[in-house]
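query.txt follows (compact mmCIF, N, CA and C atoms):
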# COMPACT_ATOMS: atom_id res chain seq x y z
N MET A 1 75.07 -41.91 -28.28
CA MET A 1 73.81 -41.18 -28.40
C MET A 1 72.77 -41.84 -27.51
N THR A 2 71.94 -41.01 -26.89
CA THR A 2 70.81 -41.47 -26.11
C THR A 2 69.56 -41.13 -26.90
N GLU A 3 68.74 -42.15 -27.18
CA GLU A 3 67.59 -41.97 -28.08
C GLU A 3 66.59 -40.93 -27.60
N ASP A 4 66.42 -40.78 -26.28
CA ASP A 4 65.43 -39.83 -25.78
C ASP A 4 66.01 -38.42 -25.59
N CYS A 5 67.22 -38.20 -26.08
CA CYS A 5 67.89 -36.90 -25.92
C CYS A 5 67.79 -36.11 -27.23
N LEU A 6 67.06 -35.00 -27.19
CA LEU A 6 66.91 -34.15 -28.37
C LEU A 6 68.26 -33.65 -28.87
N SER A 7 69.14 -33.27 -27.97
CA SER A 7 70.47 -32.78 -28.37
C SER A 7 71.22 -33.84 -29.17
N CYS A 8 71.18 -35.08 -28.71
CA CYS A 8 71.86 -36.16 -29.43
C CYS A 8 71.22 -36.40 -30.79
N ARG A 9 69.90 -36.40 -30.82
CA ARG A 9 69.21 -36.63 -32.10
C ARG A 9 69.57 -35.55 -33.12
N LEU A 10 69.61 -34.30 -32.68
CA LEU A 10 69.96 -33.21 -33.60
C LEU A 10 71.41 -33.29 -34.04
N SER A 11 72.30 -33.73 -33.15
CA SER A 11 73.71 -33.87 -33.51
C SER A 11 73.90 -34.95 -34.57
N GLU A 12 73.08 -35.97 -34.53
CA GLU A 12 73.18 -37.08 -35.48
C GLU A 12 72.48 -36.82 -36.80
N GLN A 13 71.73 -35.75 -36.89
CA GLN A 13 70.92 -35.46 -38.07
C GLN A 13 71.76 -34.73 -39.13
N PRO A 14 72.17 -35.44 -40.20
CA PRO A 14 73.05 -34.80 -41.19
C PRO A 14 72.38 -33.67 -41.98
N ASP A 15 71.06 -33.71 -42.07
CA ASP A 15 70.35 -32.68 -42.83
C ASP A 15 69.69 -31.64 -41.93
N ALA A 16 70.21 -31.49 -40.71
CA ALA A 16 69.67 -30.49 -39.79
C ALA A 16 69.83 -29.10 -40.39
N PRO A 17 68.90 -28.19 -40.09
CA PRO A 17 69.03 -26.82 -40.61
C PRO A 17 70.31 -26.16 -40.10
N VAL A 18 70.77 -25.16 -40.84
CA VAL A 18 72.01 -24.48 -40.51
C VAL A 18 72.00 -23.93 -39.08
N ARG A 19 70.83 -23.55 -38.59
CA ARG A 19 70.74 -23.02 -37.22
C ARG A 19 71.12 -24.06 -36.18
N GLU A 20 71.04 -25.34 -36.53
CA GLU A 20 71.40 -26.43 -35.61
C GLU A 20 72.85 -26.85 -35.74
N ARG A 21 73.53 -26.38 -36.78
CA ARG A 21 74.92 -26.79 -37.04
C ARG A 21 75.74 -25.58 -37.49
N ILE A 22 75.71 -24.53 -36.69
CA ILE A 22 76.47 -23.33 -37.02
C ILE A 22 77.95 -23.68 -37.11
N LEU A 23 78.40 -24.47 -36.16
CA LEU A 23 79.80 -24.89 -36.11
C LEU A 23 79.84 -26.29 -35.51
N VAL A 24 80.60 -27.16 -36.11
CA VAL A 24 80.86 -28.49 -35.56
C VAL A 24 82.36 -28.69 -35.62
N ARG A 25 82.98 -28.79 -34.45
CA ARG A 25 84.44 -28.99 -34.42
C ARG A 25 84.87 -29.51 -33.05
N ASP A 26 85.91 -30.31 -33.07
CA ASP A 26 86.58 -30.77 -31.86
C ASP A 26 85.62 -31.38 -30.83
N GLY A 27 84.61 -32.11 -31.31
CA GLY A 27 83.68 -32.77 -30.40
C GLY A 27 82.53 -31.90 -29.92
N TRP A 28 82.36 -30.72 -30.51
CA TRP A 28 81.33 -29.78 -30.09
C TRP A 28 80.47 -29.36 -31.27
N ARG A 29 79.23 -29.00 -30.97
CA ARG A 29 78.31 -28.44 -31.96
C ARG A 29 77.74 -27.14 -31.38
N VAL A 30 77.63 -26.12 -32.21
CA VAL A 30 77.03 -24.85 -31.80
C VAL A 30 75.75 -24.65 -32.59
N ALA A 31 74.68 -24.31 -31.89
CA ALA A 31 73.36 -24.12 -32.50
C ALA A 31 72.73 -22.85 -31.95
N HIS A 32 71.76 -22.32 -32.69
CA HIS A 32 70.97 -21.21 -32.17
C HIS A 32 69.90 -21.79 -31.26
N ASN A 33 69.70 -21.22 -30.11
CA ASN A 33 68.66 -21.67 -29.20
C ASN A 33 67.29 -21.47 -29.86
N PHE A 34 66.45 -22.48 -29.79
CA PHE A 34 65.15 -22.42 -30.46
C PHE A 34 64.06 -21.83 -29.58
N ASP A 35 64.35 -21.57 -28.33
CA ASP A 35 63.32 -21.17 -27.37
C ASP A 35 63.61 -19.78 -26.79
N THR A 36 64.01 -18.85 -27.66
CA THR A 36 64.40 -17.53 -27.18
C THR A 36 63.86 -16.43 -28.08
N SER A 37 63.69 -15.27 -27.50
CA SER A 37 63.31 -14.08 -28.27
C SER A 37 64.53 -13.21 -28.57
N LEU A 38 65.72 -13.64 -28.14
CA LEU A 38 66.93 -12.86 -28.34
C LEU A 38 67.75 -13.43 -29.50
N PRO A 39 67.81 -12.71 -30.62
CA PRO A 39 68.61 -13.18 -31.74
C PRO A 39 70.08 -13.35 -31.34
N GLY A 40 70.64 -14.49 -31.70
CA GLY A 40 72.03 -14.76 -31.38
C GLY A 40 72.25 -15.56 -30.11
N TRP A 41 71.19 -15.94 -29.40
CA TRP A 41 71.35 -16.77 -28.20
C TRP A 41 71.74 -18.16 -28.68
N LEU A 42 72.98 -18.55 -28.43
CA LEU A 42 73.51 -19.81 -28.92
C LEU A 42 73.68 -20.82 -27.80
N VAL A 43 73.81 -22.08 -28.19
CA VAL A 43 74.17 -23.14 -27.25
C VAL A 43 75.34 -23.92 -27.85
N ALA A 44 76.27 -24.30 -27.02
CA ALA A 44 77.40 -25.14 -27.41
C ALA A 44 77.25 -26.46 -26.67
N LEU A 45 77.23 -27.56 -27.43
CA LEU A 45 76.96 -28.88 -26.86
C LEU A 45 78.02 -29.88 -27.28
N PRO A 46 78.43 -30.76 -26.38
CA PRO A 46 79.31 -31.84 -26.83
C PRO A 46 78.54 -32.76 -27.77
N LEU A 47 79.24 -33.30 -28.76
CA LEU A 47 78.59 -34.19 -29.72
C LEU A 47 78.15 -35.51 -29.08
N ARG A 48 78.90 -35.97 -28.10
CA ARG A 48 78.49 -37.21 -27.44
C ARG A 48 77.66 -36.87 -26.20
N HIS A 49 76.87 -37.82 -25.76
CA HIS A 49 75.96 -37.59 -24.64
C HIS A 49 76.74 -37.47 -23.33
N VAL A 50 76.67 -36.31 -22.74
CA VAL A 50 77.34 -35.99 -21.47
C VAL A 50 76.34 -35.24 -20.61
N THR A 51 76.19 -35.65 -19.36
CA THR A 51 75.23 -34.97 -18.48
C THR A 51 75.89 -34.21 -17.34
N ARG A 52 77.20 -34.34 -17.21
CA ARG A 52 77.94 -33.61 -16.18
C ARG A 52 79.22 -33.07 -16.78
N LEU A 53 79.59 -31.88 -16.40
CA LEU A 53 80.82 -31.27 -16.90
C LEU A 53 82.01 -32.18 -16.64
N SER A 54 82.01 -32.86 -15.52
CA SER A 54 83.13 -33.73 -15.16
C SER A 54 83.25 -34.95 -16.06
N GLU A 55 82.25 -35.22 -16.89
CA GLU A 55 82.30 -36.35 -17.82
C GLU A 55 83.02 -36.02 -19.13
N LEU A 56 83.33 -34.75 -19.35
CA LEU A 56 84.03 -34.39 -20.58
C LEU A 56 85.40 -35.07 -20.62
N GLU A 57 85.77 -35.53 -21.80
CA GLU A 57 87.12 -36.04 -22.01
C GLU A 57 88.08 -34.86 -22.05
N ALA A 58 89.34 -35.12 -21.81
CA ALA A 58 90.34 -34.04 -21.78
C ALA A 58 90.33 -33.24 -23.09
N SER A 59 90.20 -33.93 -24.21
CA SER A 59 90.21 -33.22 -25.50
C SER A 59 88.98 -32.31 -25.64
N GLU A 60 87.82 -32.76 -25.17
CA GLU A 60 86.60 -31.94 -25.22
C GLU A 60 86.73 -30.73 -24.30
N ALA A 61 87.25 -30.96 -23.11
CA ALA A 61 87.43 -29.86 -22.16
C ALA A 61 88.44 -28.85 -22.69
N GLY A 62 89.50 -29.35 -23.30
CA GLY A 62 90.53 -28.47 -23.87
C GLY A 62 90.03 -27.65 -25.04
N ALA A 63 89.08 -28.19 -25.79
CA ALA A 63 88.53 -27.48 -26.95
C ALA A 63 87.48 -26.44 -26.55
N LEU A 64 86.94 -26.56 -25.34
CA LEU A 64 85.84 -25.70 -24.92
C LEU A 64 86.24 -24.22 -24.83
N GLY A 65 87.35 -23.91 -24.21
CA GLY A 65 87.77 -22.51 -24.08
C GLY A 65 87.93 -21.82 -25.42
N PRO A 66 88.71 -22.39 -26.34
CA PRO A 66 88.83 -21.77 -27.67
C PRO A 66 87.50 -21.67 -28.40
N LEU A 67 86.63 -22.66 -28.24
CA LEU A 67 85.31 -22.62 -28.88
C LEU A 67 84.50 -21.44 -28.35
N LEU A 68 84.42 -21.29 -27.03
CA LEU A 68 83.66 -20.19 -26.43
C LEU A 68 84.26 -18.84 -26.84
N HIS A 69 85.57 -18.77 -26.90
CA HIS A 69 86.24 -17.55 -27.35
C HIS A 69 85.83 -17.20 -28.77
N ASP A 70 85.93 -18.16 -29.67
CA ASP A 70 85.65 -17.91 -31.08
C ASP A 70 84.18 -17.57 -31.32
N VAL A 71 83.29 -18.29 -30.64
CA VAL A 71 81.86 -18.03 -30.80
C VAL A 71 81.51 -16.65 -30.24
N SER A 72 82.11 -16.28 -29.12
CA SER A 72 81.86 -14.95 -28.55
C SER A 72 82.34 -13.85 -29.50
N ALA A 73 83.52 -14.03 -30.08
CA ALA A 73 84.04 -13.03 -31.03
C ALA A 73 83.14 -12.93 -32.25
N ALA A 74 82.64 -14.07 -32.74
CA ALA A 74 81.74 -14.05 -33.90
C ALA A 74 80.43 -13.34 -33.56
N LEU A 75 79.90 -13.58 -32.36
CA LEU A 75 78.67 -12.88 -31.95
C LEU A 75 78.90 -11.38 -31.88
N GLU A 76 80.03 -10.95 -31.33
CA GLU A 76 80.33 -9.53 -31.26
C GLU A 76 80.34 -8.92 -32.66
N GLN A 77 80.91 -9.64 -33.61
CA GLN A 77 81.00 -9.15 -34.99
C GLN A 77 79.63 -9.15 -35.67
N VAL A 78 78.85 -10.20 -35.50
CA VAL A 78 77.62 -10.37 -36.26
C VAL A 78 76.43 -9.63 -35.65
N VAL A 79 76.24 -9.72 -34.33
CA VAL A 79 75.06 -9.08 -33.73
C VAL A 79 75.39 -7.77 -33.02
N GLY A 80 76.68 -7.46 -32.87
CA GLY A 80 77.07 -6.19 -32.27
C GLY A 80 76.97 -6.14 -30.76
N CYS A 81 77.05 -7.29 -30.12
CA CYS A 81 77.00 -7.28 -28.65
C CYS A 81 78.33 -6.79 -28.09
N GLY A 82 78.28 -6.26 -26.86
CA GLY A 82 79.48 -5.77 -26.21
C GLY A 82 80.31 -6.87 -25.59
N LYS A 83 79.65 -7.96 -25.22
CA LYS A 83 80.29 -9.14 -24.67
C LYS A 83 79.25 -10.25 -24.64
N THR A 84 79.66 -11.41 -24.16
CA THR A 84 78.71 -12.52 -24.04
C THR A 84 78.66 -13.03 -22.61
N TYR A 85 77.52 -13.59 -22.27
CA TYR A 85 77.36 -14.32 -21.02
C TYR A 85 77.45 -15.80 -21.38
N VAL A 86 78.07 -16.61 -20.51
CA VAL A 86 78.14 -18.05 -20.71
C VAL A 86 77.60 -18.72 -19.46
N MET A 87 76.63 -19.65 -19.66
CA MET A 87 75.98 -20.32 -18.53
C MET A 87 75.83 -21.81 -18.83
N LEU A 88 75.89 -22.61 -17.78
CA LEU A 88 75.63 -24.05 -17.88
C LEU A 88 74.69 -24.44 -16.75
N PHE A 89 73.55 -25.04 -17.12
CA PHE A 89 72.61 -25.55 -16.13
C PHE A 89 72.26 -27.01 -16.43
N ALA A 90 71.73 -27.30 -17.61
CA ALA A 90 71.34 -28.65 -18.05
C ALA A 90 70.43 -29.32 -17.02
N GLU A 91 69.40 -28.60 -16.59
CA GLU A 91 68.48 -29.10 -15.57
C GLU A 91 67.05 -29.26 -16.08
N GLN A 92 66.70 -28.61 -17.18
CA GLN A 92 65.34 -28.68 -17.71
C GLN A 92 65.00 -30.11 -18.08
N PRO A 93 63.82 -30.60 -17.78
CA PRO A 93 63.44 -31.95 -18.23
C PRO A 93 63.61 -32.07 -19.75
N GLY A 94 64.28 -33.14 -20.16
CA GLY A 94 64.55 -33.36 -21.58
C GLY A 94 65.81 -32.69 -22.08
N PHE A 95 66.48 -31.91 -21.23
CA PHE A 95 67.68 -31.19 -21.65
C PHE A 95 68.83 -31.39 -20.66
N ALA A 96 69.02 -32.62 -20.22
CA ALA A 96 70.10 -32.93 -19.28
C ALA A 96 71.46 -32.99 -19.97
N HIS A 97 71.47 -33.11 -21.30
CA HIS A 97 72.71 -33.10 -22.08
C HIS A 97 73.42 -31.78 -21.80
N VAL A 98 74.67 -31.83 -21.38
CA VAL A 98 75.41 -30.61 -21.08
C VAL A 98 75.34 -29.66 -22.28
N HIS A 99 75.01 -28.42 -22.01
CA HIS A 99 75.01 -27.39 -23.05
C HIS A 99 75.28 -26.05 -22.40
N PHE A 100 76.17 -25.31 -23.02
CA PHE A 100 76.52 -23.97 -22.55
C PHE A 100 75.72 -22.95 -23.33
N HIS A 101 75.04 -22.08 -22.62
CA HIS A 101 74.34 -20.97 -23.25
C HIS A 101 75.39 -19.87 -23.49
N VAL A 102 75.47 -19.41 -24.72
CA VAL A 102 76.37 -18.31 -25.07
C VAL A 102 75.45 -17.18 -25.54
N VAL A 103 75.30 -16.19 -24.68
CA VAL A 103 74.24 -15.19 -24.84
C VAL A 103 74.84 -13.82 -25.12
N PRO A 104 74.41 -13.19 -26.22
CA PRO A 104 74.93 -11.85 -26.50
C PRO A 104 74.37 -10.83 -25.52
N ARG A 105 75.26 -10.07 -24.91
CA ARG A 105 74.86 -8.98 -24.01
C ARG A 105 74.82 -7.72 -24.89
N MET A 106 73.59 -7.33 -25.25
CA MET A 106 73.42 -6.26 -26.22
C MET A 106 73.59 -4.88 -25.57
N PRO A 107 74.10 -3.91 -26.33
CA PRO A 107 74.33 -2.57 -25.78
C PRO A 107 73.06 -1.86 -25.33
N ASP A 108 71.92 -2.23 -25.90
CA ASP A 108 70.67 -1.56 -25.55
C ASP A 108 69.88 -2.28 -24.46
N PHE A 109 70.50 -3.25 -23.81
CA PHE A 109 69.81 -3.93 -22.72
C PHE A 109 69.45 -2.94 -21.61
N ALA A 110 68.25 -3.09 -21.09
CA ALA A 110 67.84 -2.30 -19.92
C ALA A 110 68.41 -2.97 -18.67
N GLU A 111 68.33 -2.27 -17.55
CA GLU A 111 68.82 -2.82 -16.29
C GLU A 111 68.20 -4.18 -16.00
N GLY A 112 66.94 -4.36 -16.35
CA GLY A 112 66.25 -5.62 -16.10
C GLY A 112 66.66 -6.76 -17.01
N ASP A 113 67.58 -6.52 -17.95
CA ASP A 113 68.06 -7.55 -18.87
C ASP A 113 69.46 -8.03 -18.53
N LEU A 114 70.11 -7.38 -17.57
CA LEU A 114 71.52 -7.65 -17.30
C LEU A 114 71.74 -8.85 -16.39
N GLY A 115 72.92 -9.45 -16.54
CA GLY A 115 73.30 -10.58 -15.69
C GLY A 115 72.29 -11.71 -15.77
N PRO A 116 71.97 -12.33 -14.65
CA PRO A 116 71.07 -13.48 -14.67
C PRO A 116 69.66 -13.13 -15.14
N ARG A 117 69.31 -11.85 -15.14
CA ARG A 117 67.97 -11.45 -15.61
C ARG A 117 67.82 -11.64 -17.12
N VAL A 118 68.93 -11.92 -17.81
CA VAL A 118 68.87 -12.18 -19.24
C VAL A 118 68.01 -13.41 -19.53
N MET A 119 67.79 -14.24 -18.52
CA MET A 119 66.98 -15.45 -18.69
C MET A 119 65.55 -15.12 -19.09
N ARG A 120 65.13 -13.88 -18.94
CA ARG A 120 63.77 -13.50 -19.33
C ARG A 120 63.53 -13.68 -20.83
N PHE A 121 64.63 -13.72 -21.61
CA PHE A 121 64.52 -13.92 -23.06
C PHE A 121 64.33 -15.39 -23.43
N LEU A 122 64.39 -16.26 -22.46
CA LEU A 122 64.29 -17.71 -22.70
C LEU A 122 62.91 -18.20 -22.30
N GLY A 123 62.39 -19.19 -23.02
CA GLY A 123 61.08 -19.76 -22.69
C GLY A 123 59.94 -18.84 -23.04
N THR A 124 60.11 -18.04 -24.07
CA THR A 124 59.06 -17.10 -24.47
C THR A 124 58.01 -17.80 -25.33
N SER A 125 56.92 -17.13 -25.56
CA SER A 125 55.84 -17.70 -26.36
C SER A 125 56.30 -17.84 -27.82
N ALA A 126 55.63 -18.72 -28.54
CA ALA A 126 56.00 -18.99 -29.93
C ALA A 126 56.01 -17.72 -30.77
N GLY A 127 55.08 -16.82 -30.54
CA GLY A 127 55.01 -15.59 -31.31
C GLY A 127 56.15 -14.61 -31.05
N GLU A 128 56.81 -14.74 -29.89
CA GLU A 128 57.91 -13.85 -29.54
C GLU A 128 59.28 -14.41 -29.92
N ARG A 129 59.35 -15.70 -30.19
CA ARG A 129 60.63 -16.35 -30.46
C ARG A 129 61.24 -15.86 -31.78
N VAL A 130 62.56 -15.94 -31.84
CA VAL A 130 63.27 -15.64 -33.08
C VAL A 130 62.78 -16.63 -34.13
N ARG A 131 62.41 -16.10 -35.28
CA ARG A 131 61.88 -16.94 -36.37
C ARG A 131 62.98 -17.81 -36.98
N ASP A 132 62.59 -18.96 -37.48
CA ASP A 132 63.54 -19.90 -38.09
C ASP A 132 64.39 -19.22 -39.16
N GLU A 133 63.76 -18.40 -39.99
CA GLU A 133 64.47 -17.73 -41.07
C GLU A 133 65.56 -16.81 -40.53
N GLU A 134 65.26 -16.11 -39.44
CA GLU A 134 66.25 -15.21 -38.83
C GLU A 134 67.37 -16.01 -38.18
N MET A 135 67.04 -17.12 -37.53
CA MET A 135 68.09 -17.98 -36.95
C MET A 135 69.01 -18.50 -38.04
N ASP A 136 68.45 -18.91 -39.17
CA ASP A 136 69.27 -19.42 -40.28
C ASP A 136 70.13 -18.31 -40.87
N ARG A 137 69.58 -17.11 -41.00
CA ARG A 137 70.35 -15.98 -41.52
C ARG A 137 71.54 -15.68 -40.60
N LEU A 138 71.27 -15.62 -39.30
CA LEU A 138 72.34 -15.39 -38.32
C LEU A 138 73.35 -16.52 -38.35
N ALA A 139 72.87 -17.75 -38.47
CA ALA A 139 73.76 -18.91 -38.48
C ALA A 139 74.75 -18.82 -39.64
N LEU A 140 74.27 -18.43 -40.81
CA LEU A 140 75.17 -18.30 -41.96
C LEU A 140 76.19 -17.18 -41.75
N SER A 141 75.75 -16.07 -41.17
CA SER A 141 76.68 -14.97 -40.88
C SER A 141 77.70 -15.39 -39.85
N LEU A 142 77.27 -16.13 -38.84
CA LEU A 142 78.19 -16.60 -37.81
C LEU A 142 79.18 -17.61 -38.39
N ARG A 143 78.70 -18.50 -39.24
CA ARG A 143 79.62 -19.46 -39.91
C ARG A 143 80.71 -18.70 -40.64
N HIS A 144 80.32 -17.68 -41.38
CA HIS A 144 81.30 -16.88 -42.13
C HIS A 144 82.31 -16.23 -41.18
N ALA A 145 81.80 -15.68 -40.09
CA ALA A 145 82.69 -15.02 -39.12
C ALA A 145 83.63 -16.03 -38.44
N LEU A 146 83.21 -17.28 -38.36
CA LEU A 146 84.01 -18.32 -37.70
C LEU A 146 85.00 -19.01 -38.64
N GLU A 147 84.93 -18.71 -39.93
CA GLU A 147 85.85 -19.35 -40.87
C GLU A 147 87.28 -18.94 -40.56
N PRO A 148 88.20 -19.91 -40.66
CA PRO A 148 89.61 -19.58 -40.43
C PRO A 148 90.09 -18.55 -41.45
N ARG A 149 90.89 -17.65 -41.01
CA ARG A 149 91.40 -16.60 -41.91
C ARG A 149 92.85 -16.86 -42.23
Can you turn what I pasted into structure tokens?
Amino acid sequence: MTEDCLSCRLSEQPDAPVRERILVRDGWRVAHNFDTSLPGWLVALPLRHVTRLSELEASEAGALGPLLHDVSAALEQVVGCGKTYVMLFAEQPGFAHVHFHVVPRMPDFAEGDLGPRVMRFLGTSAGERVRDEEMDRLALSLRHALEPR
């Protein structure tokens, strides 16, 4: 863990809200993005501090594909998206910890919301962001959808 890394601090927090710990498995944690106006915008982060994709251990890299698959399927079930977008940047100051954005591509998206333009839902004002209560509600539904059958 790196003390100045928010992602690491949240991963170490056992009493973190459900929106911060939707799924924890195989060295990864899935959380709802806190800085978005789009319900269901998730992030998948390695539990240990990693700043480059090439730093992943083989087991972490091997777990990533199934994790993204399962989270995408859960989003399709819970929020009704047609598919998901997956992105990795980790360039924002304070957010160098590798994290994959798993973004629901909603059926009602306008042309201006498609592909990389989906980023318009990120970095919105506090009044436009998904409320904590809604993130927690979605997180519980996603947890249920992710349970092994």
**Q.** Between atom C of Gly40 of chain A and atom N of Glu76 of chain A, distance in Å (one decimal)
**A.**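 Interatomic distance here is 9.1 Å.
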Q: Could you check how far atom C of Phe34 of chain A sits from atom N of Leu114 of chain A, in Å to one decimal?
A: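 Straight-line distance from atom C of Phe34 of chain A to atom N of Leu114 of chain A works out to 19.7 Å.
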Q. Got a sec: who's within 8 Å of Gly123 of chain A, counting all atoms listed in the file, leaving out chain neighbours fewer than 4 positions off, as JSON, numbers by chain?
A. {"A": [34, 35, 36, 37, 119, 129]}
Dump as a compact mmCIF listing (two decimals), in the frame of the given file, selection limited to N, CA and C atoms:
# COMPACT_ATOMS: atom_id res chain seq x y z
N PHE A 34 66.45 -22.48 -29.79
CA PHE A 34 65.15 -22.42 -30.46
C PHE A 34 64.06 -21.83 -29.58
N ASP A 35 64.35 -21.57 -28.33
CA ASP A 35 63.32 -21.17 -27.37
C ASP A 35 63.61 -19.78 -26.79
N THR A 36 64.01 -18.85 -27.66
CA THR A 36 64.40 -17.53 -27.18
C THR A 36 63.86 -16.43 -28.08
N SER A 37 63.69 -15.27 -27.50
CA SER A 37 63.31 -14.08 -28.27
C SER A 37 64.53 -13.21 -28.57
N MET A 119 67.79 -14.24 -18.52
CA MET A 119 66.98 -15.45 -18.69
C MET A 119 65.55 -15.12 -19.09
N ARG A 129 59.35 -15.70 -30.19
CA ARG A 129 60.63 -16.35 -30.46
C ARG A 129 61.24 -15.86 -31.78
(Q) Can you measure atom CA of Pro46 of chain A to atom CA of Gly27 of chain A for me? One decimal in Å is fine. (A)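 Taking atom CA of Pro46 of chain A as the start and atom CA of Gly27 of chain A as the end point, the length is 5.7 Å.
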Q: Please run DSSP on the backbone and report, as a PyMOL selection string, all residues within chain A that come out as strand (DSSP E).
A: chain A and resi 23-25+28-32+42-46+83-88+100-105
